[in-house]
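A.B. asks: Sharing protein28.csv, CSV, C-alpha atoms:
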```csv
chain,number,residue,atom,x,y,z
A,8,MET,CA,-0.1,79.6,52.1
A,9,SER,CA,3.1,78.3,53.7
A,10,GLY,CA,1.2,77.8,56.9
A,11,ILE,CA,-1.5,75.7,55.2
A,12,SER,CA,-0.9,72.0,54.9
A,13,SER,CA,-1.7,70.7,51.4
A,14,GLY,CA,-3.2,67.2,51.0
A,15,PHE,CA,-6.3,65.1,50.4
A,16,LEU,CA,-9.1,64.3,52.8
A,17,LEU,CA,-9.4,60.5,52.9
A,18,ASP,CA,-12.6,60.1,54.7
A,19,SER,CA,-14.8,63.1,55.9
A,20,LYS,CA,-17.5,60.8,57.4
A,21,ASN,CA,-15.3,59.6,60.2
A,22,SER,CA,-14.1,63.1,61.3
A,23,SER,CA,-16.4,63.2,64.3
A,24,PHE,CA,-14.6,60.1,65.7
A,25,VAL,CA,-11.0,61.4,65.5
A,26,SER,CA,-9.3,64.4,67.0
A,27,LYS,CA,-8.2,65.7,63.6
A,28,PRO,CA,-8.9,64.7,59.9
A,29,THR,CA,-6.6,62.2,58.2
A,30,TYR,CA,-4.9,63.6,55.1
A,31,LEU,CA,-2.6,62.1,52.4
A,32,ASN,CA,0.0,64.8,51.5
A,33,ILE,CA,1.0,65.4,47.9
A,34,ALA,CA,4.6,64.1,48.3
A,35,GLU,CA,3.3,60.8,49.5
A,36,TYR,CA,0.8,60.6,46.7
A,37,TYR,CA,3.4,61.4,44.0
A,38,GLY,CA,5.8,59.0,45.7
A,39,ASP,CA,3.2,56.2,45.6
A,40,LYS,CA,2.3,57.1,42.1
A,41,ASN,CA,6.0,56.9,41.0
A,42,GLN,CA,6.4,53.6,42.8
A,43,MET,CA,3.3,52.2,41.0
A,44,HIS,CA,4.7,53.5,37.7
A,45,ARG,CA,8.0,51.8,38.3
A,46,ASP,CA,6.2,48.7,39.3
A,47,LEU,CA,4.1,48.8,36.1
A,48,GLU,CA,7.3,49.4,34.1
A,49,LYS,CA,9.0,46.4,35.8
A,50,LEU,CA,5.9,44.3,35.2
A,51,HIS,CA,5.8,45.4,31.5
A,52,GLN,CA,9.5,44.5,31.2
A,53,GLU,CA,8.9,41.1,32.7
A,54,GLN,CA,6.0,40.6,30.3
A,55,GLU,CA,8.2,41.6,27.4
A,56,THR,CA,10.9,39.2,28.7
A,57,LEU,CA,8.3,36.4,29.1
A,58,HIS,CA,7.0,37.2,25.6
A,59,GLN,CA,10.5,37.0,24.2
A,60,GLN,CA,11.1,33.7,26.1
A,61,GLN,CA,7.9,32.3,24.8
A,62,GLU,CA,8.8,33.3,21.2
A,63,SER,CA,12.2,31.7,21.7
A,64,TYR,CA,10.7,28.6,23.1
A,65,ARG,CA,8.2,28.5,20.3
A,66,ASP,CA,11.0,28.8,17.8
A,67,GLN,CA,12.9,26.1,19.6
A,68,GLN,CA,9.8,23.9,19.6
A,69,GLU,CA,9.3,24.4,15.9
A,70,LYS,CA,12.9,23.6,15.2
A,71,THR,CA,12.6,20.5,17.4
A,72,LEU,CA,9.4,19.4,15.7
A,73,ASN,CA,11.0,20.0,12.3
A,74,LEU,CA,14.1,18.0,13.3
A,75,LEU,CA,11.9,15.2,14.6
A,76,THR,CA,9.7,15.3,11.4
A,77,ASN,CA,12.9,15.1,9.3
A,78,GLN,CA,14.2,12.2,11.4
A,79,ILE,CA,10.8,10.4,11.2
A,80,GLN,CA,10.7,10.9,7.5
A,81,GLN,CA,14.3,9.5,7.1
A,82,LYS,CA,13.4,6.5,9.3
A,83,PHE,CA,10.3,5.9,7.2
A,84,ASP,CA,12.2,6.1,4.0
A,85,HIS,CA,14.8,3.7,5.4
A,86,MET,CA,12.0,1.3,6.6
A,87,GLU,CA,10.4,1.4,3.2
A,88,LYS,CA,13.7,0.6,1.5
A,89,MET,CA,14.3,-2.3,4.0
A,90,LEU,CA,10.7,-3.6,3.5
A,91,ALA,CA,11.0,-3.3,-0.2
A,92,ALA,CA,14.2,-5.3,-0.2
A,93,GLN,CA,12.7,-7.8,2.2
A,94,THR,CA,9.6,-8.1,0.1
A,95,SER,CA,11.7,-8.6,-3.1
A,96,ASN,CA,13.7,-11.3,-1.4
A,97,ASN,CA,10.5,-13.1,-0.1
A,98,GLU,CA,8.8,-12.9,-3.5
A,99,THR,CA,12.0,-14.2,-5.1
A,100,LYS,CA,12.1,-17.2,-2.7
A,101,VAL,CA,8.4,-17.9,-3.3
A,102,ILE,CA,8.8,-17.7,-7.1
A,103,GLU,CA,11.9,-20.0,-6.9
A,104,ALA,CA,9.9,-22.5,-4.8
A,105,LEU,CA,7.0,-22.4,-7.3
A,106,GLU,CA,9.4,-22.8,-10.2
A,107,LYS,CA,11.1,-25.8,-8.5
A,108,LYS,CA,7.8,-27.4,-7.8
A,109,ASN,CA,6.6,-26.7,-11.3
A,110,GLN,CA,9.8,-28.3,-12.7
A,111,GLU,CA,9.3,-31.4,-10.6
A,112,LEU,CA,5.7,-31.7,-11.8
A,113,GLU,CA,6.8,-31.3,-15.4
A,114,ASN,CA,9.5,-34.0,-14.9
A,115,LYS,CA,6.9,-36.4,-13.5
A,116,TYR,CA,4.5,-35.6,-16.3
A,117,ASN,CA,7.3,-36.1,-18.9
A,118,THR,CA,8.2,-39.5,-17.3
A,119,ILE,CA,4.6,-40.6,-17.4
A,120,GLN,CA,4.3,-39.4,-20.9
A,121,VAL,CA,7.3,-41.4,-22.0
A,122,GLU,CA,6.1,-44.6,-20.2
A,123,LEU,CA,2.6,-44.2,-21.8
A,124,THR,CA,4.2,-43.6,-25.2
A,125,ALA,CA,6.3,-46.8,-24.8
A,126,ARG,CA,3.3,-48.9,-23.8
A,127,GLU,CA,1.2,-47.5,-26.6
A,128,HIS,CA,4.0,-48.4,-29.0
A,129,MET,CA,4.2,-51.9,-27.6
A,130,TYR,CA,0.4,-52.2,-27.9
A,131,ASN,CA,0.5,-51.0,-31.5
A,132,GLU,CA,3.2,-53.5,-32.3
A,133,LEU,CA,1.2,-56.4,-30.8
A,134,ALA,CA,-1.9,-55.3,-32.7
A,135,GLU,CA,0.1,-55.0,-35.9
A,136,ASN,CA,1.6,-58.5,-35.4
A,137,TYR,CA,-1.8,-59.9,-34.6
A,138,THR,CA,-3.2,-58.4,-37.8
A,139,LYS,CA,-0.3,-59.8,-39.9
A,140,LEU,CA,-0.8,-63.2,-38.3
A,141,GLN,CA,-4.5,-63.2,-39.1
A,142,GLU,CA,-3.8,-62.2,-42.7
A,143,ALA,CA,-1.1,-65.0,-42.9
A,144,MET,CA,-3.6,-67.5,-41.5
A,145,VAL,CA,-6.3,-66.5,-43.9
A,146,THR,CA,-3.8,-66.7,-46.8
A,147,GLN,CA,-2.5,-70.1,-45.6
A,148,ASP,CA,-6.1,-71.4,-45.3
A,149,LYS,CA,-6.9,-70.2,-48.8
A,150,ASN,CA,-3.7,-71.8,-50.2
A,151,VAL,CA,-4.3,-75.1,-48.3
A,152,GLN,CA,-7.9,-75.2,-49.5
A,153,GLN,CA,-6.8,-74.5,-53.1
A,154,ASP,CA,-4.1,-77.2,-52.9
A,155,LEU,CA,-6.6,-79.7,-51.5
A,156,LEU,CA,-9.1,-78.9,-54.2
A,157,ARG,CA,-6.5,-79.3,-56.9
A,158,VAL,CA,-5.4,-82.7,-55.4
A,159,GLN,CA,-9.0,-83.8,-55.0
A,160,ALA,CA,-9.8,-82.8,-58.7
A,161,LYS,CA,-6.7,-84.6,-59.9
A,162,TYR,CA,-7.5,-87.8,-58.0
A,163,ASP,CA,-11.1,-87.7,-59.0
A,164,ALA,CA,-10.1,-87.4,-62.6
A,165,GLU,CA,-7.7,-90.4,-62.3
A,166,ILE,CA,-10.3,-92.5,-60.6
A,167,ASN,CA,-12.8,-91.7,-63.2
A,168,ILE,CA,-10.3,-92.7,-65.9
A,169,ALA,CA,-9.5,-96.0,-64.1
A,170,VAL,CA,-13.2,-96.7,-63.6
A,171,ASN,CA,-13.9,-96.1,-67.2
A,172,LYS,CA,-11.1,-98.4,-68.2
A,173,THR,CA,-12.3,-101.1,-65.8
A,174,LEU,CA,-15.8,-101.0,-67.2
A,175,ALA,CA,-14.4,-101.3,-70.7
A,176,LEU,CA,-12.3,-104.3,-69.8
A,177,GLY,CA,-15.1,-105.9,-68.0
A,178,HIS,CA,-17.3,-105.5,-71.1
A,179,LYS,CA,-14.5,-107.0,-73.2
A,180,ILE,CA,-14.1,-110.0,-70.8
A,181,THR,CA,-17.9,-110.6,-70.9
A,182,GLN,CA,-17.6,-110.7,-74.7
A,183,LEU,CA,-14.7,-113.1,-74.5
A,184,GLU,CA,-16.5,-115.5,-72.2
A,185,GLN,CA,-19.4,-115.6,-74.6
A,186,LEU,CA,-17.1,-116.4,-77.4
A,187,GLN,CA,-16.0,-119.8,-76.1
A,188,SER,CA,-15.3,-121.1,-79.5
A,189,ILE,CA,-12.5,-118.7,-79.9
A,190,LYS,CA,-9.2,-120.5,-79.4
A,191,GLN,CA,-7.0,-117.7,-78.6
A,192,LEU,CA,-6.7,-118.5,-74.9
A,193,GLN,CA,-3.3,-116.8,-74.6
A,194,THR,CA,-4.9,-113.6,-75.5
A,195,LEU,CA,-7.6,-114.1,-72.9
A,196,GLN,CA,-5.0,-114.8,-70.2
A,197,THR,CA,-3.2,-111.7,-71.3
A,198,LEU,CA,-6.3,-109.7,-71.0
A,199,GLN,CA,-7.0,-111.2,-67.6
A,200,GLY,CA,-3.5,-110.3,-66.5
A,201,GLN,CA,-4.1,-106.8,-67.8
A,202,VAL,CA,-7.4,-106.6,-65.9
A,203,GLN,CA,-5.6,-107.8,-62.7
A,204,THR,CA,-2.9,-105.2,-63.3
A,205,PHE,CA,-5.6,-102.5,-63.8
A,206,ASP,CA,-7.3,-103.7,-60.6
A,207,SER,CA,-4.0,-103.5,-58.7
A,208,ARG,CA,-3.4,-100.1,-60.0
A,209,ILE,CA,-6.9,-99.0,-59.1
A,210,ASN,CA,-6.4,-100.4,-55.6
A,211,LEU,CA,-3.1,-98.6,-55.4
A,212,LEU,CA,-4.7,-95.3,-56.5
A,213,THR,CA,-7.5,-95.9,-54.1
A,214,SER,CA,-5.1,-96.4,-51.2
A,215,HIS,CA,-3.1,-93.4,-52.4
A,216,GLU,CA,-6.3,-91.4,-52.4
A,217,GLN,CA,-7.2,-92.5,-48.9
A,218,ALA,CA,-3.6,-91.6,-47.8
A,219,ARG,CA,-4.0,-88.3,-49.4
A,220,ASN,CA,-7.4,-87.8,-47.7
A,221,GLN,CA,-5.7,-88.7,-44.4
A,222,ASP,CA,-2.9,-86.3,-45.1
A,223,PHE,CA,-5.4,-83.6,-46.0
A,224,LEU,CA,-7.5,-84.3,-42.9
A,225,ALA,CA,-4.4,-84.2,-40.7
A,226,LEU,CA,-3.3,-81.0,-42.4
A,227,TYR,CA,-6.7,-79.5,-41.9
A,228,ASN,CA,-6.8,-80.6,-38.2
A,229,LEU,CA,-3.3,-79.2,-37.7
A,230,THR,CA,-4.4,-75.9,-39.4
A,231,THR,CA,-7.5,-75.8,-37.2
A,232,SER,CA,-5.6,-76.6,-34.1
A,233,SER,CA,-2.9,-74.0,-34.9
A,234,ASN,CA,-5.7,-71.5,-35.6
A,235,HIS,CA,-7.3,-72.2,-32.2
A,236,GLU,CA,-4.0,-72.1,-30.4
A,237,LEU,CA,-3.1,-68.9,-32.1
A,238,GLU,CA,-6.5,-67.4,-31.3
A,239,ASN,CA,-6.0,-68.5,-27.6
A,240,LYS,CA,-2.6,-66.9,-27.6
A,241,MET,CA,-3.9,-63.7,-29.1
A,242,ASN,CA,-6.8,-63.6,-26.7
A,243,ASN,CA,-4.4,-64.1,-23.8
A,244,GLN,CA,-2.2,-61.4,-25.2
A,245,TYR,CA,-5.2,-59.1,-25.6
A,246,LYS,CA,-6.3,-59.9,-22.1
A,247,ALA,CA,-2.8,-59.2,-20.8
A,248,ILE,CA,-2.6,-56.0,-22.9
A,249,GLY,CA,-6.0,-55.0,-21.5
A,250,LYS,CA,-4.9,-55.7,-17.9
A,251,LEU,CA,-1.7,-53.8,-18.5
A,252,ALA,CA,-3.5,-50.9,-20.1
A,253,ASN,CA,-6.0,-50.8,-17.3
A,254,HIS,CA,-3.2,-51.0,-14.7
A,255,THR,CA,-1.3,-48.3,-16.6
A,256,MET,CA,-4.4,-46.1,-16.8
A,257,LYS,CA,-5.1,-46.7,-13.1
A,258,GLU,CA,-1.5,-45.7,-12.2
A,259,ILE,CA,-1.7,-42.7,-14.5
A,260,ASN,CA,-5.0,-41.6,-12.9
A,261,GLU,CA,-3.7,-42.2,-9.4
A,262,LEU,CA,-0.5,-40.3,-10.2
A,263,ALA,CA,-2.5,-37.5,-11.9
A,264,ASN,CA,-4.9,-37.3,-8.8
A,265,HIS,CA,-1.9,-37.3,-6.5
A,266,THR,CA,-0.2,-34.7,-8.5
A,267,MET,CA,-3.4,-32.6,-8.6
A,268,ASN,CA,-3.8,-33.0,-4.8
A,269,GLU,CA,-0.2,-31.9,-4.3
A,270,ILE,CA,-0.8,-28.9,-6.6
A,271,GLU,CA,-4.0,-28.0,-4.7
A,272,GLN,CA,-2.3,-28.4,-1.3
A,273,MET,CA,0.7,-26.4,-2.6
A,274,GLY,CA,-1.7,-23.7,-3.9
A,275,ARG,CA,-3.6,-23.6,-0.6
A,276,TYR,CA,-0.3,-23.4,1.3
A,277,LEU,CA,1.0,-20.7,-0.9
A,278,ASN,CA,-2.2,-18.8,-0.7
A,279,SER,CA,-2.2,-19.1,3.1
A,280,SER,CA,1.5,-18.2,3.3
A,281,PHE,CA,1.1,-15.3,1.0
A,282,SER,CA,-2.0,-14.0,2.9
A,283,LEU,CA,-0.1,-14.2,6.2
A,284,PHE,CA,2.9,-12.6,4.6
A,285,GLN,CA,0.7,-9.9,3.1
A,286,GLN,CA,-0.9,-9.3,6.5
A,287,ASN,CA,2.4,-9.1,8.3
A,288,LEU,CA,3.8,-6.9,5.5
A,289,ASP,CA,0.7,-4.6,5.8
A,290,LYS,CA,1.2,-4.3,9.5
A,291,GLN,CA,4.9,-3.6,9.0
A,292,LEU,CA,4.1,-1.0,6.4
A,293,GLN,CA,1.3,0.5,8.3
A,294,LYS,CA,2.3,4.0,9.5
A,295,VAL,CA,1.3,5.1,13.0
A,296,VAL,CA,2.1,8.7,14.0
A,297,VAL,CA,0.6,11.0,16.6
A,298,THR,CA,1.7,14.3,18.1
A,299,GLY,CA,-0.3,16.0,20.9
A,300,CYS,CA,0.3,19.0,23.0
A,301,THR,CA,-1.2,20.3,26.3
A,302,THR,CA,-4.0,22.8,26.3
A,303,GLY,CA,-6.4,24.4,28.7
A,304,SER,CA,-5.5,25.2,32.3
A,305,ASN,CA,-1.8,25.2,33.0
A,306,THR,CA,-2.2,23.4,36.3
A,307,LYS,CA,-2.1,19.7,35.6
A,308,PRO,CA,-3.0,17.2,38.3
A,309,ALA,CA,-1.0,14.1,39.3
A,310,GLY,CA,-1.5,11.1,37.1
A,311,PRO,CA,-1.6,10.8,33.2
A,312,LEU,CA,-0.7,14.0,31.5
A,313,LYS,CA,-3.3,14.7,28.7
A,314,PHE,CA,-2.2,16.0,25.3
A,315,GLN,CA,-5.6,17.2,23.8
A,316,ASP,CA,-4.2,19.5,21.1
A,317,ILE,CA,-3.5,17.1,18.3
A,318,LYS,CA,-0.9,18.4,15.8
A,319,THR,CA,-0.4,15.3,13.7
A,320,SER,CA,-2.3,12.0,13.5
A,321,PHE,CA,-2.1,9.1,11.1
A,322,GLY,CA,-3.2,5.5,11.7
A,323,VAL,CA,-4.7,6.2,15.1
A,324,PRO,CA,-8.4,5.4,15.1
A,325,ASN,CA,-8.8,5.7,18.9
A,326,LEU,CA,-7.7,9.4,18.9
A,327,SER,CA,-10.6,10.5,21.2
A,328,SER,CA,-9.5,8.0,23.9
A,329,PHE,CA,-5.9,9.3,23.7
A,330,GLN,CA,-7.2,12.9,24.1
A,331,SER,CA,-9.5,12.1,27.0
A,332,THR,CA,-7.3,9.7,29.0
A,333,GLY,CA,-3.8,10.8,27.9
A,334,LYS,CA,-2.9,7.1,27.2
A,335,PHE,CA,-1.9,5.9,23.8
A,336,THR,CA,-3.3,2.4,23.1
A,337,CYS,CA,-1.3,0.3,20.6
A,338,LEU,CA,-3.4,-1.3,17.9
A,339,VAL,CA,-0.6,-2.2,15.4
A,340,PRO,CA,2.2,-4.1,17.1
A,341,GLY,CA,5.8,-3.2,16.4
A,342,HIS,CA,8.6,-0.9,17.6
A,343,TYR,CA,7.7,2.6,18.5
A,344,HIS,CA,9.7,5.8,19.3
A,345,ILE,CA,8.3,7.9,22.1
A,346,VAL,CA,9.6,11.5,22.7
A,347,THR,CA,8.2,14.1,25.0
A,348,THR,CA,9.2,17.7,25.7
A,349,ILE,CA,7.9,19.1,29.1
A,350,MET,CA,8.1,22.7,30.4
A,351,SER,CA,7.1,23.6,33.9
A,352,THR,CA,7.5,26.6,36.4
A,353,HIS,CA,8.3,24.1,39.1
A,354,ASN,CA,12.0,23.6,39.5
A,355,ASN,CA,13.1,20.0,39.3
A,356,ALA,CA,9.7,18.8,38.3
A,357,ARG,CA,9.7,15.1,37.5
A,358,ILE,CA,8.0,13.1,34.7
A,359,GLU,CA,7.8,9.3,34.0
A,360,ILE,CA,7.3,7.5,30.7
A,361,MET,CA,5.0,4.6,31.5
A,362,LYS,CA,4.3,1.4,29.6
A,363,ASN,CA,1.0,0.0,30.9
A,364,SER,CA,1.6,0.2,34.7
A,365,ASN,CA,5.4,0.0,34.5
A,366,SER,CA,7.8,3.0,34.7
A,367,ILE,CA,10.2,2.8,31.7
A,368,HIS,CA,12.1,6.1,32.2
A,369,TRP,CA,12.0,9.1,34.5
A,370,GLN,CA,13.3,12.6,33.7
A,371,TYR,CA,13.7,15.9,35.7
A,372,VAL,CA,12.4,19.2,34.2
A,373,THR,CA,14.6,22.1,35.3
A,374,GLY,CA,11.8,24.6,35.0
A,375,HIS,CA,12.0,28.4,35.2
A,376,HIS,CA,15.4,29.7,36.5
A,377,ASP,CA,16.9,33.2,36.4
A,378,GLY,CA,14.3,34.4,34.0
A,379,TYR,CA,14.8,31.5,31.5
A,380,TRP,CA,12.6,28.6,30.7
A,381,THR,CA,14.5,25.3,30.5
A,382,PRO,CA,12.2,22.4,29.2
A,383,GLY,CA,13.1,18.8,29.7
A,384,THR,CA,13.1,16.2,26.9
A,385,ALA,CA,12.9,12.4,27.2
A,386,ALA,CA,12.9,9.8,24.5
A,387,VAL,CA,12.7,6.0,24.5
A,388,ALA,CA,12.1,3.2,21.9
A,389,LEU,CA,9.7,0.4,22.9
A,390,GLU,CA,8.3,-2.8,21.5
A,391,LEU,CA,4.6,-2.6,21.8
A,392,LYS,CA,2.1,-5.3,21.5
A,393,THR,CA,-1.6,-5.0,20.8
A,394,ASN,CA,-3.5,-3.1,23.6
A,395,ASP,CA,-0.3,-2.0,25.3
A,396,THR,CA,-0.5,1.6,26.6
A,397,VAL,CA,2.0,4.4,26.7
A,398,TRP,CA,1.5,7.6,28.8
A,399,ILE,CA,3.3,10.3,30.7
A,400,LYS,CA,2.9,10.3,34.4
A,401,LEU,CA,3.1,13.3,36.7
A,402,PRO,CA,4.0,12.4,40.3
A,403,SER,CA,2.3,15.5,41.7
A,404,THR,CA,0.4,18.6,40.5
A,405,TYR,CA,2.5,20.9,38.3
A,406,SER,CA,2.1,24.0,36.2
A,407,ILE,CA,2.8,22.8,32.6
A,408,TYR,CA,3.3,25.0,29.6
A,409,GLN,CA,3.8,24.3,25.9
A,410,SER,CA,4.5,20.5,26.3
A,411,CYS,CA,4.1,17.9,23.6
A,412,LEU,CA,4.3,14.1,23.1
A,413,THR,CA,5.2,12.4,19.9
A,414,ILE,CA,4.7,8.7,19.2
A,415,PHE,CA,5.5,7.0,15.9
A,416,LYS,CA,5.9,3.4,14.7
A,417,ILE,CA,9.4,2.5,13.5
A,418,ASN,CA,8.7,-1.0,12.1
```
Please express the file's structure as structure tokens.
C.D. replies:
Amino acid sequence: MSGISSGFLLDSKNSSFVSKPTYLNIAEYYGDKNQMHRDLEKLHQEQETLHQQQESYRDQQEKTLNLLTNQIQQKFDHMEKMLAAQTSNNETKVIEALEKKNQELENKYNTIQVELTAREHMYNELAENYTKLQEAMVTQDKNVQQDLLRVQAKYDAEINIAVNKTLALGHKITQLEQLQSIKQLQTLQTLQGQVQTFDSRINLLTSHEQARNQDFLALYNLTTSSNHELENKMNNQYKAIGKLANHTMKEINELANHTMNEIEQMGRYLNSSFSLFQQNLDKQLQKVVVTGCTTGSNTKPAGPLKFQDIKTSFGVPNLSSFQSTGKFTCLVPGHYHIVTTIMSTHNNARIEIMKNSNSIHWQYVTGHHDGYWTPGTAAVALELKTNDTVWIKLPSTYSIYQSCLTIFKIN
């Protein structure tokens, strides 16, 4: 058997075309088998190493995400405290302004009330004086009329007495004239003297009565004139009081309307200011957070890098657009923190953080070196306005693994 060559026939169909069959000896077979076994073991070791690196990278990513989450939570807590303090200060200022305006309106109202009370007091005094004057005039008229009636009755009585005496004397004189035979002429002369005396007295009484009548008429005319003059004065005072009251009421109504207009304008201004302040406060308090990671094929083309595996999302209504385009569109203006972690097999791979079409920051990713993965991390803070876009740009095609992008609103 030592003269027989051991081996395997590789192809018997082609034996007619060669001078001798082609064989693979056993030593070569076992040598190739051992080599394949060593290659498989090496590949298995590399897979184990890769698996360990992936586990290490996953742990590192989880630690990084936990750290970022804690930092974000701390910033949110700080923002809420600052906004609460700012809200308290703004509300205090608004309340102080309202109290000041309310105090001014109360002072104006009190001033108007004092003026109105004073004018009402003056009006009441005038009305009371007019009433007293009317009562005095009525009392005076009654007294004057009573005095005149008493004087008239007295003089009427005296005139009646004088007339009766005159008639009696005349009757006696007639009798004396008829008795011509009576010689007592001295008595007749005496009687005539008495008659003349009575006539003079009667004339004197008559003149006195006429004078009294003239005095009474003058007193009555004076009383009537004083009454008319007093009535005219009171009417003028009433007219003046009416004009003053109308003017005062007009001023009060105008001041009240002006005050109400100021209150309404102040109310509208405060409502508008509070609505605007509430809108701004709502925007400031509105939370916006999104974290997305790469998925699918590891080969990513040049252009926007898409993060389709959403880990966290809050306050981002256009999430599908972010997943399909890789671009985050700002809908709530404010300051944002952007952080990305990129891992690639290409050494010195480069990424750029873009705002709209402008490159804000670029970063090298060291890649895979000496059996270790070294991801690259870049972070920036940007002020974003409505419809601004933020995205990660790849200058060329790279193999990307386990890469994520986190964007959250600071204030």
A.B. asks: Set the distance at 7 Å and use all atoms listed in the file: which residues neighbour A:Glu359 once local chain neighbours fewer than 4 positions away are removed? I'd like the list as a PDB file with C-alpha atoms, in the frame of the given file.
C.D. replies:
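Resulting contents of selection_37.pdb:
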```
ATOM      1  CA  SER A 366       7.800   3.000  34.700  1.00  0.00           C
ATOM      2  CA  HIS A 368      12.100   6.100  32.200  1.00  0.00           C
ATOM      3  CA  TRP A 369      12.000   9.100  34.500  1.00  0.00           C
ATOM      4  CA  GLN A 370      13.300  12.600  33.700  1.00  0.00           C
ATOM      5  CA  ILE A 399       3.300  10.300  30.700  1.00  0.00           C
ATOM      6  CA  LYS A 400       2.900  10.300  34.400  1.00  0.00           C
ATOM      7  CA  LEU A 401       3.100  13.300  36.700  1.00  0.00           C
TER       8      LEU A 401
END
```
A.B. asks: Could you tell me how far atom CA of A:Glu236 sits from atom CA of A:Asn253, in Å to one decimal place?
C.D. replies: 25.1 Å
A.B. asks: Write out as JSON lines the residues of stretch 223-325 of chain A that have any atom within 12 Å of an atom of stretch 81-88 of chain A, one row each with the nearest atom pair and its distance in Å to one decimal, counting all atoms listed in the file, sorted by chain and then rising number.
C.D. replies:
```
{"residue": "A:Leu288", "atom": "CA", "partner": "A:Glu87", "partner_atom": "CA", "distance": 10.9}
{"residue": "A:Asp289", "atom": "CA", "partner": "A:Glu87", "partner_atom": "CA", "distance": 11.7}
{"residue": "A:Gln291", "atom": "CA", "partner": "A:Met86", "partner_atom": "CA", "distance": 9.0}
{"residue": "A:Leu292", "atom": "CA", "partner": "A:Glu87", "partner_atom": "CA", "distance": 7.5}
{"residue": "A:Gln293", "atom": "CA", "partner": "A:Glu87", "partner_atom": "CA", "distance": 10.5}
{"residue": "A:Lys294", "atom": "CA", "partner": "A:Phe83", "partner_atom": "CA", "distance": 8.5}
{"residue": "A:Val295", "atom": "CA", "partner": "A:Phe83", "partner_atom": "CA", "distance": 10.7}
{"residue": "A:Val296", "atom": "CA", "partner": "A:Phe83", "partner_atom": "CA", "distance": 11.0}
```
A.B. asks: In Å, with one decimal, what is the gap from atom CA of A:Met241 to atom CA of A:Tyr137?
C.D. replies: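 Calculated distance between atom CA of A:Met241 and atom CA of A:Tyr137 is 7.0 Å.
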A.B. asks: Please measure the separation of atom CA of A:Asn220 and atom CA of A:Ala164, giving the value in Å to one decimal.
C.D. replies: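 Between atom CA of A:Asn220 and atom CA of A:Ala164 the gap is 15.1 Å.
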